[in-house]
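my_file_12.cif follows; it contains mmCIF, C-alpha atoms.
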data_work
loop_
_atom_site.label_atom_id
_atom_site.label_comp_id
_atom_site.auth_asym_id
_atom_site.auth_seq_id
_atom_site.Cartn_x
_atom_site.Cartn_y
_atom_site.Cartn_z
CA MET T 753 -1.24 26.35 20.86
CA HIS T 754 -1.08 24.50 24.17
CA ARG T 755 -4.48 23.01 23.36
CA ILE T 756 -3.23 21.94 19.94
CA ALA T 757 -0.06 20.51 21.46
CA LEU T 758 -2.08 18.32 23.77
CA THR T 759 -3.28 16.14 20.91
CA GLY T 760 -2.70 12.43 21.32
CA VAL T 761 -0.19 12.36 18.47
CA LEU T 762 2.39 14.60 20.08
CA ILE T 763 1.91 13.23 23.57
CA ALA T 764 2.35 9.69 22.28
CA SER T 765 5.47 10.62 20.32
CA CYS T 766 7.06 12.42 23.27
CA LEU T 767 6.06 10.15 26.12
CA GLY T 768 4.42 6.98 24.89
CA ARG T 769 1.50 7.37 27.29
CA SER T 770 -1.24 9.85 28.17
CA ALA T 771 -0.54 12.96 30.22
CA ALA T 772 -3.77 12.13 32.08
CA ALA T 773 -1.62 10.08 34.46
CA GLU T 774 -0.48 13.46 35.86
CA ASN T 775 3.14 12.45 35.93
CA TRP T 776 5.70 15.22 35.66
CA PRO T 777 8.46 13.48 33.68
CA ALA T 778 10.69 16.45 32.90
CA TRP T 779 11.54 19.81 34.42
CA ARG T 780 8.89 21.70 32.44
CA GLY T 781 6.39 18.84 32.36
CA PRO T 782 5.10 16.39 29.74
CA LEU T 783 5.24 18.90 26.88
CA GLY T 784 8.10 21.06 28.11
CA ASN T 785 5.90 24.15 28.40
CA GLY T 786 5.33 24.48 32.16
CA ILE T 787 1.62 23.68 31.84
CA CYS T 788 -0.17 20.98 33.81
CA GLN T 789 -3.77 19.79 33.89
CA GLU T 790 -3.96 19.98 37.69
CA THR T 791 -6.78 22.08 39.14
CA GLN T 792 -6.53 21.13 42.83
CA LEU T 793 -2.94 21.91 43.76
CA PRO T 794 -2.34 23.27 47.28
CA ILE T 795 -2.74 27.03 47.58
CA THR T 796 -1.48 27.63 51.12
CA PHE T 797 1.45 25.83 52.74
CA SER T 798 4.66 26.37 54.70
CA PRO T 799 7.53 24.24 56.08
CA THR T 800 5.08 22.95 58.71
CA GLU T 801 1.63 23.41 57.11
CA ASN T 802 0.19 20.98 54.55
CA VAL T 803 3.48 19.01 54.41
CA THR T 804 3.15 15.31 53.65
CA TRP T 805 6.88 14.76 54.13
CA LYS T 806 10.25 16.45 53.83
CA THR T 807 13.60 14.79 53.20
CA PRO T 808 17.03 16.39 53.69
CA LEU T 809 19.20 16.64 50.58
CA PRO T 810 22.99 16.21 50.74
CA GLN T 811 24.02 19.39 48.92
CA PRO T 812 22.47 22.53 47.35
CA CYS T 813 21.39 22.17 43.73
CA ASN T 814 19.26 24.07 41.18
CA SER T 815 17.71 21.09 39.39
CA THR T 816 14.00 20.30 39.54
CA PRO T 817 12.41 17.05 40.81
CA ILE T 818 10.49 14.86 38.38
CA VAL T 819 7.71 12.42 39.30
CA TRP T 820 6.51 9.17 37.76
CA ASP T 821 3.86 7.17 39.61
CA ASN T 822 5.40 6.26 43.00
CA ARG T 823 8.90 7.56 42.33
CA VAL T 824 10.49 11.00 42.67
CA PHE T 825 13.87 11.63 41.03
CA VAL T 826 16.41 14.43 41.49
CA THR T 827 19.98 15.10 40.43
CA CYS T 828 22.41 16.30 43.09
CA PRO T 829 26.14 17.05 43.32
CA LEU T 830 28.21 15.61 46.15
CA ASP T 831 31.61 16.60 47.48
CA GLY T 832 31.46 20.03 45.85
CA GLY T 833 30.62 18.55 42.44
CA LYS T 834 33.37 15.94 42.36
CA ILE T 835 30.55 13.38 42.40
CA ARG T 836 27.36 13.77 40.31
CA SER T 837 24.38 11.74 41.47
CA LEU T 838 20.90 10.65 40.40
CA MET T 839 18.66 10.00 43.42
CA CYS T 840 15.34 8.15 43.69
CA PHE T 841 12.79 8.66 46.50
CA ASP T 842 9.61 6.87 47.48
CA ARG T 843 6.70 9.16 46.71
CA ALA T 844 4.59 8.05 49.68
CA SER T 845 7.22 8.49 52.40
CA GLY T 846 10.12 10.52 50.99
CA LYS T 847 12.52 7.69 51.82
CA GLU T 848 15.60 7.51 49.60
CA LEU T 849 15.43 4.24 47.64
CA TRP T 850 18.69 4.43 45.71
CA ARG T 851 21.27 6.71 44.19
CA HIS T 852 23.70 6.34 41.32
CA GLU T 853 26.96 8.27 41.65
CA VAL T 854 29.38 9.30 38.90
CA PRO T 855 32.82 10.50 40.06
CA TYR T 856 34.25 13.53 38.28
CA PRO T 857 37.40 14.77 40.07
CA ASP T 858 38.49 17.27 37.38
CA ALA T 859 38.26 20.95 38.30
CA GLU T 860 35.50 22.92 36.55
CA THR T 861 34.37 26.52 36.67
CA ILE T 862 30.82 27.49 37.59
CA HIS T 863 28.88 30.63 38.50
CA ARG T 864 28.24 31.22 42.20
CA ASP T 865 24.46 31.07 41.53
CA ASN T 866 24.70 27.92 39.43
CA THR T 867 25.38 24.41 40.71
CA PHE T 868 26.78 21.21 39.28
CA CYS T 869 23.96 18.84 38.25
CA ALA T 870 21.77 21.87 37.42
CA GLY T 871 20.08 19.90 34.62
CA SER T 872 17.03 17.96 35.82
CA PRO T 873 16.45 14.25 35.14
CA THR T 874 13.97 13.01 32.52
CA THR T 875 11.96 9.79 32.32
CA ASP T 876 9.72 7.85 29.95
CA GLY T 877 8.35 5.68 32.76
CA LYS T 878 10.78 2.86 32.02
CA LEU T 879 14.20 4.45 32.29
CA VAL T 880 15.31 7.67 33.99
CA TYR T 881 18.01 9.76 32.29
CA ALA T 882 20.46 12.29 33.66
CA SER T 883 23.04 14.42 31.88
CA PHE T 884 25.97 15.25 34.12
CA ASP T 885 27.59 17.49 31.50
CA SER T 886 31.36 16.82 31.47
CA ALA T 887 30.74 13.67 33.53
CA GLY T 888 28.57 12.15 30.80
CA VAL T 889 25.03 10.80 30.47
CA VAL T 890 23.44 7.88 32.30
CA ALA T 891 20.24 5.86 31.94
CA CYS T 892 18.98 3.81 34.90
CA ASP T 893 15.95 1.61 35.35
CA PHE T 894 13.59 2.28 38.23
CA SER T 895 15.50 -0.10 40.50
CA GLY T 896 18.70 1.94 40.06
CA LYS T 897 20.45 -0.46 37.67
CA VAL T 898 22.54 1.31 35.03
CA VAL T 899 21.26 0.34 31.57
CA TRP T 900 23.81 2.43 29.69
CA SER T 901 26.16 5.37 30.18
CA ARG T 902 28.11 7.61 27.81
CA ASN T 903 31.20 9.71 28.31
CA LEU T 904 30.80 12.67 25.97
CA SER T 905 33.17 15.61 25.56
CA LYS T 906 34.25 17.86 28.42
CA LEU T 907 32.35 21.15 28.57
CA ALA T 908 34.09 24.38 29.50
CA HIS T 909 32.26 27.57 30.45
CA ILE T 910 32.94 30.09 33.19
CA PHE T 911 29.30 29.92 34.38
CA GLY T 912 28.83 26.16 33.91
CA PRO T 913 25.97 24.38 32.06
CA ALA T 914 22.31 23.84 33.03
CA ALA T 915 20.21 22.30 30.21
CA THR T 916 17.99 19.22 30.71
CA PRO T 917 17.68 16.18 28.37
CA VAL T 918 14.50 15.94 26.29
CA LEU T 919 12.80 12.73 25.15
CA TYR T 920 11.33 12.51 21.66
CA LYS T 921 10.19 9.16 20.21
CA HIS T 922 13.31 6.93 20.35
CA LEU T 923 15.68 9.83 21.03
CA LEU T 924 17.21 11.54 24.04
CA ILE T 925 18.06 15.07 22.86
CA ILE T 926 20.64 17.05 24.85
CA HIS T 927 21.76 20.63 24.36
CA ARG T 928 25.38 20.48 25.52
CA GLY T 929 26.77 23.93 26.17
CA PRO T 930 27.41 26.77 26.51
CA GLY T 931 31.12 27.14 25.97
CA GLU T 932 33.51 24.99 24.05
CA PRO T 933 32.28 22.80 22.54
CA THR T 934 28.59 23.58 22.11
CA HIS T 935 26.44 21.06 20.28
CA ILE T 936 23.03 19.40 20.27
CA VAL T 937 23.26 15.62 20.37
CA ALA T 938 20.58 12.93 20.07
CA LEU T 939 21.22 9.53 21.63
CA ASP T 940 19.21 6.37 21.16
CA LYS T 941 17.29 6.22 24.43
CA GLN T 942 17.59 2.42 24.67
CA THR T 943 21.32 2.09 23.95
CA GLY T 944 22.93 5.52 24.33
CA GLU T 945 24.37 5.36 20.81
CA THR T 946 24.69 8.68 18.95
CA VAL T 947 21.96 9.16 16.31
CA TRP T 948 22.82 12.71 15.27
CA ASP T 949 25.10 15.48 16.45
CA THR T 950 24.59 19.13 15.42
CA PRO T 951 27.50 21.51 16.16
CA GLU T 952 26.82 25.09 17.28
CA VAL T 953 29.03 28.10 17.98
CA GLY T 954 30.35 28.13 21.54
CA LYS T 955 32.49 30.58 23.49
CA ASN T 956 33.86 30.35 27.00
CA HIS T 957 32.79 33.88 27.84
CA GLN T 958 30.58 35.17 30.63
CA LEU T 959 28.43 37.26 28.26
CA TYR T 960 27.90 34.58 25.63
CA GLY T 961 25.94 31.35 25.73
CA SER T 962 22.62 29.55 25.97
CA TRP T 963 21.42 27.59 28.98
CA SER T 964 18.06 26.80 27.36
CA THR T 965 16.49 23.36 26.98
CA PRO T 966 14.99 22.38 23.58
CA VAL T 967 11.20 22.66 23.42
CA ILE T 968 9.36 20.36 21.02
CA TYR T 969 6.28 21.62 19.18
CA ARG T 970 4.19 20.70 16.16
CA ALA T 971 4.16 22.98 13.11
CA GLY T 972 1.57 21.70 10.63
CA ASP T 973 2.31 18.00 10.19
CA HIS T 974 5.90 18.22 11.37
CA ASP T 975 7.56 18.04 14.81
CA GLU T 976 10.32 20.56 15.45
CA PHE T 977 12.18 21.89 18.46
CA ALA T 978 13.07 25.49 19.24
CA LEU T 979 16.15 26.67 21.08
CA SER T 980 17.15 30.18 22.13
CA MET T 981 20.76 30.57 21.05
CA PRO T 982 23.12 33.57 21.28
CA GLY T 983 21.72 36.28 19.01
CA GLU T 984 18.90 34.22 17.52
CA LEU T 985 16.00 31.84 18.01
CA LYS T 986 16.47 28.65 16.00
CA GLY T 987 14.32 25.70 14.94
CA TYR T 988 15.46 22.15 14.20
CA ASP T 989 14.04 18.92 12.84
CA ALA T 990 13.52 16.72 15.89
CA LEU T 991 14.42 13.45 14.12
CA THR T 992 17.56 14.60 12.32
CA GLY T 993 18.86 17.66 14.16
CA LYS T 994 18.91 19.60 10.89
CA GLU T 995 18.52 23.36 11.28
CA LEU T 996 15.20 24.42 9.70
CA TRP T 997 15.06 28.14 10.43
CA ARG T 998 16.61 30.99 12.36
CA CYS T 999 15.37 34.38 13.47
CA GLU T 1000 17.73 37.15 14.55
CA GLY T 1001 17.05 39.39 17.51
CA LEU T 1002 17.99 37.72 20.81
CA GLY T 1003 20.77 38.83 23.12
CA PRO T 1004 24.10 37.02 23.51
CA SER T 1005 23.07 35.19 26.72
CA ASN T 1006 19.84 33.22 27.05
CA TYR T 1007 18.57 31.41 30.15
CA PRO T 1008 14.78 30.86 29.71
CA ASP T 1009 13.32 28.17 27.48
CA THR T 1010 11.28 29.19 24.46
CA ALA T 1011 7.66 29.88 25.39
CA ILE T 1012 5.00 28.38 23.10
CA GLY T 1013 1.36 29.31 22.56
CA ASP T 1014 -1.15 30.38 19.88
CA ALA T 1015 1.14 29.01 17.09
CA VAL T 1016 3.80 31.48 18.26
CA LEU T 1017 7.32 30.95 19.65
CA ILE T 1018 8.63 33.52 22.12
CA GLY T 1019 12.35 33.80 22.70
CA VAL T 1020 13.57 35.54 25.86
CA SER T 1021 17.10 36.73 26.60
CA GLY T 1022 18.96 37.32 29.83
CA PHE T 1023 21.12 40.27 30.95
CA ASN T 1024 18.30 42.78 30.32
CA LYS T 1025 18.39 42.07 26.61
CA SER T 1026 15.70 41.37 24.04
CA MET T 1027 12.51 39.37 23.69
CA MET T 1028 10.66 38.52 20.47
CA ALA T 1029 7.78 36.54 19.03
CA VAL T 1030 8.01 34.38 15.91
CA ARG T 1031 5.22 32.73 13.94
CA MET T 1032 5.66 28.98 13.41
CA GLY T 1033 6.16 27.40 10.02
CA GLY T 1034 9.10 29.29 8.53
CA ARG T 1035 12.21 28.00 6.78
CA GLY T 1036 15.64 29.57 6.40
CA ASP T 1037 16.20 33.11 7.67
CA ILE T 1038 12.73 34.16 8.82
CA THR T 1039 13.71 37.42 10.54
CA LYS T 1040 11.82 39.58 8.04
CA THR T 1041 8.96 37.17 7.28
CA HIS T 1042 7.92 35.60 10.59
CA ARG T 1043 9.09 37.89 13.38
CA MET T 1044 5.95 39.45 14.83
CA TRP T 1045 7.49 41.86 17.32
CA HIS T 1046 10.76 42.58 19.03
CA VAL T 1047 11.59 44.32 22.32
CA ALA T 1048 15.21 45.44 22.50
CA GLU T 1049 15.54 45.80 26.29
CA THR T 1050 13.78 43.95 29.10
CA GLN T 1051 14.36 43.24 32.76
CA GLN T 1052 16.74 40.43 33.68
CA ARG T 1053 15.03 37.06 33.22
CA ILE T 1054 16.20 33.66 34.41
CA GLY T 1055 13.06 31.50 34.64
CA SER T 1056 10.85 30.37 31.75
CA GLY T 1057 7.34 31.67 31.01
CA VAL T 1058 3.97 30.14 30.11
CA VAL T 1059 1.25 31.10 27.64
CA ARG T 1060 -2.48 31.01 28.39
CA ASP T 1061 -5.32 32.48 26.32
CA GLY T 1062 -3.15 34.84 24.31
CA HIS T 1063 -1.01 36.06 27.20
CA LEU T 1064 2.56 35.28 28.21
CA TYR T 1065 3.32 35.21 31.94
CA VAL T 1066 6.97 35.65 32.92
CA ALA T 1067 9.00 36.32 36.06
CA ASN T 1068 11.60 39.07 36.05
CA ALA T 1069 14.61 38.54 38.29
CA PRO T 1070 14.22 41.85 40.20
CA GLY T 1071 11.08 40.40 41.80
CA ILE T 1072 8.47 41.49 39.24
CA ALA T 1073 5.89 39.30 37.51
CA GLU T 1074 4.64 40.38 34.10
CA CYS T 1075 1.73 39.65 31.77
CA ILE T 1076 2.39 40.29 28.07
CA GLU T 1077 -0.02 40.10 25.14
CA VAL T 1078 1.32 37.47 22.71
CA ALA T 1079 -0.06 39.11 19.56
CA SER T 1080 1.53 42.51 20.17
CA GLY T 1081 4.24 42.23 22.84
CA LYS T 1082 2.38 44.85 24.90
CA THR T 1083 2.70 44.62 28.69
CA ILE T 1084 -0.75 44.20 30.24
CA TRP T 1085 0.40 44.27 33.85
CA LYS T 1086 3.66 44.32 35.75
CA GLU T 1087 3.56 43.78 39.50
CA ARG T 1088 6.22 43.47 42.18
CA LEU T 1089 6.15 40.20 44.14
CA GLY T 1090 9.45 40.66 45.93
CA GLY T 1091 12.82 39.00 46.36
CA ASP T 1092 14.95 37.63 43.54
CA LEU T 1093 12.38 36.11 41.22
CA TRP T 1094 14.32 33.32 39.51
CA GLY T 1095 11.50 30.79 39.32
CA SER T 1096 9.92 29.44 36.15
CA MET T 1097 6.16 29.92 35.85
CA LEU T 1098 3.93 26.90 36.44
CA LEU T 1099 0.40 27.06 35.00
CA ALA T 1100 -2.20 24.86 36.73
CA GLY T 1101 -5.72 25.51 35.48
CA ASP T 1102 -6.28 29.23 35.94
CA ARG T 1103 -3.50 29.69 38.51
CA LEU T 1104 0.17 30.53 38.25
CA TYR T 1105 2.83 29.35 40.71
CA VAL T 1106 6.27 30.96 40.85
CA SER T 1107 9.04 31.10 43.47
CA ASN T 1108 11.80 33.51 44.42
CA THR T 1109 15.25 32.49 45.61
CA GLN T 1110 14.39 33.39 49.20
CA GLY T 1111 11.88 30.54 49.29
CA LYS T 1112 8.60 32.42 48.85
CA ILE T 1113 6.11 30.79 46.49
CA PHE T 1114 3.47 33.04 44.99
CA VAL T 1115 0.11 31.92 43.62
CA LEU T 1116 -1.37 34.31 41.04
CA ALA T 1117 -4.41 34.36 38.79
CA ALA T 1118 -3.54 33.49 35.18
CA SER T 1119 -5.51 36.45 33.95
CA PRO T 1120 -4.98 39.79 32.19
CA LYS T 1121 -6.22 41.28 35.47
CA PHE T 1122 -3.59 40.92 38.19
CA GLU T 1123 -4.60 39.02 41.32
CA ARG T 1124 -2.31 37.69 44.04
CA ILE T 1125 -4.06 34.64 45.49
CA ALA T 1126 -1.51 33.50 48.06
CA GLU T 1127 2.06 33.94 49.29
CA ASN T 1128 3.77 30.98 50.95
CA ASP T 1129 7.14 31.24 52.70
CA MET T 1130 9.21 28.05 52.80
CA GLY T 1131 12.06 29.94 54.48
CA GLU T 1132 14.79 28.14 52.51
CA HIS T 1133 16.82 29.19 49.49
CA THR T 1134 15.55 27.68 46.25
CA LYS T 1135 16.21 27.99 42.53
CA ALA T 1136 14.44 24.83 41.33
CA ALA T 1137 11.13 24.95 39.47
CA LEU T 1138 7.98 23.61 41.13
CA THR T 1139 6.77 20.09 40.34
CA PRO T 1140 3.03 19.22 40.31
CA SER T 1141 1.59 15.69 40.26
CA ASP T 1142 -1.77 14.21 41.29
CA GLY T 1143 -2.75 17.16 43.46
CA GLN T 1144 0.64 17.49 45.14
CA LEU T 1145 3.50 19.96 44.83
CA PHE T 1146 7.13 18.85 45.11
CA ILE T 1147 9.49 21.64 46.17
CA ARG T 1148 13.24 21.35 46.10
CA THR T 1149 15.11 23.85 48.28
CA TYR T 1150 18.82 24.04 48.96
CA GLU T 1151 18.22 22.00 52.12
CA ASN T 1152 15.23 19.70 51.61
CA LEU T 1153 12.86 18.00 49.22
CA TYR T 1154 9.23 18.68 50.23
CA CYS T 1155 6.01 16.90 49.27
CA ILE T 1156 3.07 19.29 49.79
CA GLY T 1157 -0.58 18.26 49.94
CA GLU T 1158 -2.50 15.00 49.63
CA ARG T 1159 -2.30 12.77 46.58
CA ARG T 1160 -5.54 12.67 44.59
#

Show the structure stored in the file as structure tokens.
Amino acid sequence: MHRIALTGVLIASCLGRSAAAENWPAWRGPLGNGICQETQLPITFSPTENVTWKTPLPQPCNSTPIVWDNRVFVTCPLDGGKIRSLMCFDRASGKELWRHEVPYPDAETIHRDNTFCAGSPTTDGKLVYASFDSAGVVACDFSGKVVWSRNLSKLAHIFGPAATPVLYKHLLIIHRGPGEPTHIVALDKQTGETVWDTPEVGKNHQLYGSWSTPVIYRAGDHDEFALSMPGELKGYDALTGKELWRCEGLGPSNYPDTAIGDAVLIGVSGFNKSMMAVRMGGRGDITKTHRMWHVAETQQRIGSGVVRDGHLYVANAPGIAECIEVASGKTIWKERLGGDLWGSMLLAGDRLYVSNTQGKIFVLAASPKFERIAENDMGEHTKAALTPSDGQLFIRTYENLYCIGERR
């Protein structure tokens, strides 16, 4: 399916330009699936080896850098979250070029492992967008000028939010939740005006909610997006926000994004709950007609997985990487890497990159035969996903933003 998804039609509708530019415009890449076309990313590195530059960051944050041409963007809280910021860095030097700050003095609850500004920025190459949750949404041009901003409703959840905005044609789609309220809203990306707003069930409860980001895919001649919600995987029309289908079987708390490959959608729960695969193309309640397999209990999973050649690769929080056959749900291999494996899988050619919270970044073969290619220790706490672009890796730790390798 990732080969199908890379057709010019979907790339043009999502981004307006070819992915051949090797930009990384959103936290899971051009197509939201964690797959890049890079084949020459660095394999070995450290805080002092193969580093082009590193830049200190003002406060710890879980969000992922994005890259467009000569600019690198991150979101970052300041003053313990009372200020939410969008920051822009020069790609060549790591110098901070500008930042836009949004004050939000109201008290909010958040999990100790989450951070304010946990949602990553998103760009179409003209504007860069950031959702600051209760503090609203902002769109800036590449010089830092605010083009528009919106104050949407306050979000309330004991663990705090984490989803990232998604661009689709003229829309900026944002999953706002979990908690009360929970809804999916689409804004006009040029003006910030609301185009559609789909309400969902929300609860301010530690064992209930979805922190997933919508993932757009093509089913036949129609673009949809999938979202792992409490208890079910759901599909929506990308232009209208209308619910198209639902499939029961997920747990009440979901962190990873939906994995996509081989015309299959794979929903993954957190808190050691279920995982399931669903065939694309259904309408209504498709639990009995399109659900291929269902696993009731799994290891705790935070990061999102990738699909390559009929296999799903995921990271389990207890430090174990896993390869699963998409057609059957059968585990092909399960190997301990170590640490708290929160990272989302990055697929680059035939290699996988994934990080643990202790700052170790593992390079694995994307193969049904397990092979550990490299282990790189950055020595700094990190929960952000890895960002590839033009032969370089951008790594966001709780202390620094690193640029690894030479630009190609």

Item to check | Best match for closeness to Leu1104 of chain T among T:Val1047, T:Ala778, T:Leu979, T:Ile787, counting all atoms listed in the file | outcome: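 The shortest atom-to-atom distance to Leu1104 of chain T comes from T:Ile787.
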
Checklist entry - Looking at T:Asp831, T:Asp1129, T:His1046, T:Arg1160, which one is nearest to Ser1141 of chain T, with distances taken over only C-alpha atoms? => result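 Distance minimum relative to Ser1141 of chain T lands on T:Arg1160.
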
Checklist entry - What does the PyMOL selection byres ((chain T and resi 967) around 12) select in this file, as a VMD selection string? => result chain T and resid 757 766 778 to 786 915 to 920 925 to 927 964 to 966 968 to 970 975 to 980 985 to 990 1008 to 1013 1017 to 1019 1056

Could you list, as a short mmCIF file (atom, residue, chain, number, x, y, z; two decimals) with C-alpha atoms, in the coordinates of the input, every residue matched by the PyMOL selection byres ((chain T and resi 877) around 10) in this structure?
data_model
loop_
_atom_site.label_atom_id
_atom_site.label_comp_id
_atom_site.auth_asym_id
_atom_site.auth_seq_id
_atom_site.Cartn_x
_atom_site.Cartn_y
_atom_site.Cartn_z
CA LEU T 767 6.06 10.15 26.12
CA GLY T 768 4.42 6.98 24.89
CA ARG T 769 1.50 7.37 27.29
CA ASN T 775 3.14 12.45 35.93
CA PRO T 777 8.46 13.48 33.68
CA VAL T 819 7.71 12.42 39.30
CA TRP T 820 6.51 9.17 37.76
CA ASP T 821 3.86 7.17 39.61
CA ARG T 823 8.90 7.56 42.33
CA THR T 874 13.97 13.01 32.52
CA THR T 875 11.96 9.79 32.32
CA ASP T 876 9.72 7.85 29.95
CA LYS T 878 10.78 2.86 32.02
CA LEU T 879 14.20 4.45 32.29
CA VAL T 880 15.31 7.67 33.99
CA ASP T 893 15.95 1.61 35.35
CA PHE T 894 13.59 2.28 38.23
#

Checklist outcome for this item: Of T:Ser1107, T:Thr1041, T:Thr807, T:Asn814, the one nearest to Lys847 of chain T when counting only C-alpha atoms is T:Thr807

Next on the checklist: Could you list, as number ranges by chain, every residue within 7 Å of segment 1066-1070 of chain T, counting all atoms listed in the file and ignoring same-chain residues fewer than 3 positions away?
Outcome noted: T: 1051-1058, 1073-1075, 1091-1097

Written selection (C-alpha atoms) as a short mmCIF file (atom, residue, chain, number, x, y, z; two decimals), keeping the file's coordinate frame:
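Contents of again.cif, freshly written:
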data_model
loop_
_atom_site.label_atom_id
_atom_site.label_comp_id
_atom_site.auth_asym_id
_atom_site.auth_seq_id
_atom_site.Cartn_x
_atom_site.Cartn_y
_atom_site.Cartn_z
CA GLN T 1051 14.36 43.24 32.76
CA GLN T 1052 16.74 40.43 33.68
CA ARG T 1053 15.03 37.06 33.22
CA ILE T 1054 16.20 33.66 34.41
CA GLY T 1055 13.06 31.50 34.64
CA SER T 1056 10.85 30.37 31.75
CA GLY T 1057 7.34 31.67 31.01
CA VAL T 1058 3.97 30.14 30.11
CA ALA T 1073 5.89 39.30 37.51
CA GLU T 1074 4.64 40.38 34.10
CA CYS T 1075 1.73 39.65 31.77
CA GLY T 1091 12.82 39.00 46.36
CA ASP T 1092 14.95 37.63 43.54
CA LEU T 1093 12.38 36.11 41.22
CA TRP T 1094 14.32 33.32 39.51
CA GLY T 1095 11.50 30.79 39.32
CA SER T 1096 9.92 29.44 36.15
CA MET T 1097 6.16 29.92 35.85
#

Checklist entry - Where does the PyMOL selection byres ((chain T and resi 1004) around 7) land in this file, that is, which residues does it pick, as a list in words? => result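 Checked against the file, the PyMOL selection byres ((chain T and resi 1004) around 7) matches Leu959, Tyr960, Gly961, Pro982, Gly983, Leu1002, Gly1003, Ser1005 and Asn1006 of chain T.
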
Checklist entry - So how far away is atom CA of His1133 of chain T from atom CA of Tyr881 of chain T, in Å? => result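 For atom CA of Tyr881 of chain T relative to atom CA of His1133 of chain T, the distance reads 26.0 Å.
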
Next on the checklist: Would you compute the distance between atom CA of Ile936 of chain T and atom CA of Glu952 of chain T? Give it in Å to one decimal.
Outcome noted: 7.5 Å

Next on the checklist: To one decimal place in Å, what is the distance between atom CA of Thr1139 of chain T and atom CA of Tyr1105 of chain T?
Outcome noted: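 That distance, rounded to one decimal, is 10.1 Å.
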
Next on the checklist: Just checking: using only C-alpha atoms, which residue out of T:His863, T:Lys941, T:His935, T:His1042 ends up closest to Asp885 of chain T?
Outcome noted: T:His935

Item to check | Residue nearest Thr1039 of chain T - candidates T:Leu1098, T:Glu984, T:Tyr1007, T:Trp1085, atoms counted: all atoms listed in the file | outcome: T:Glu984
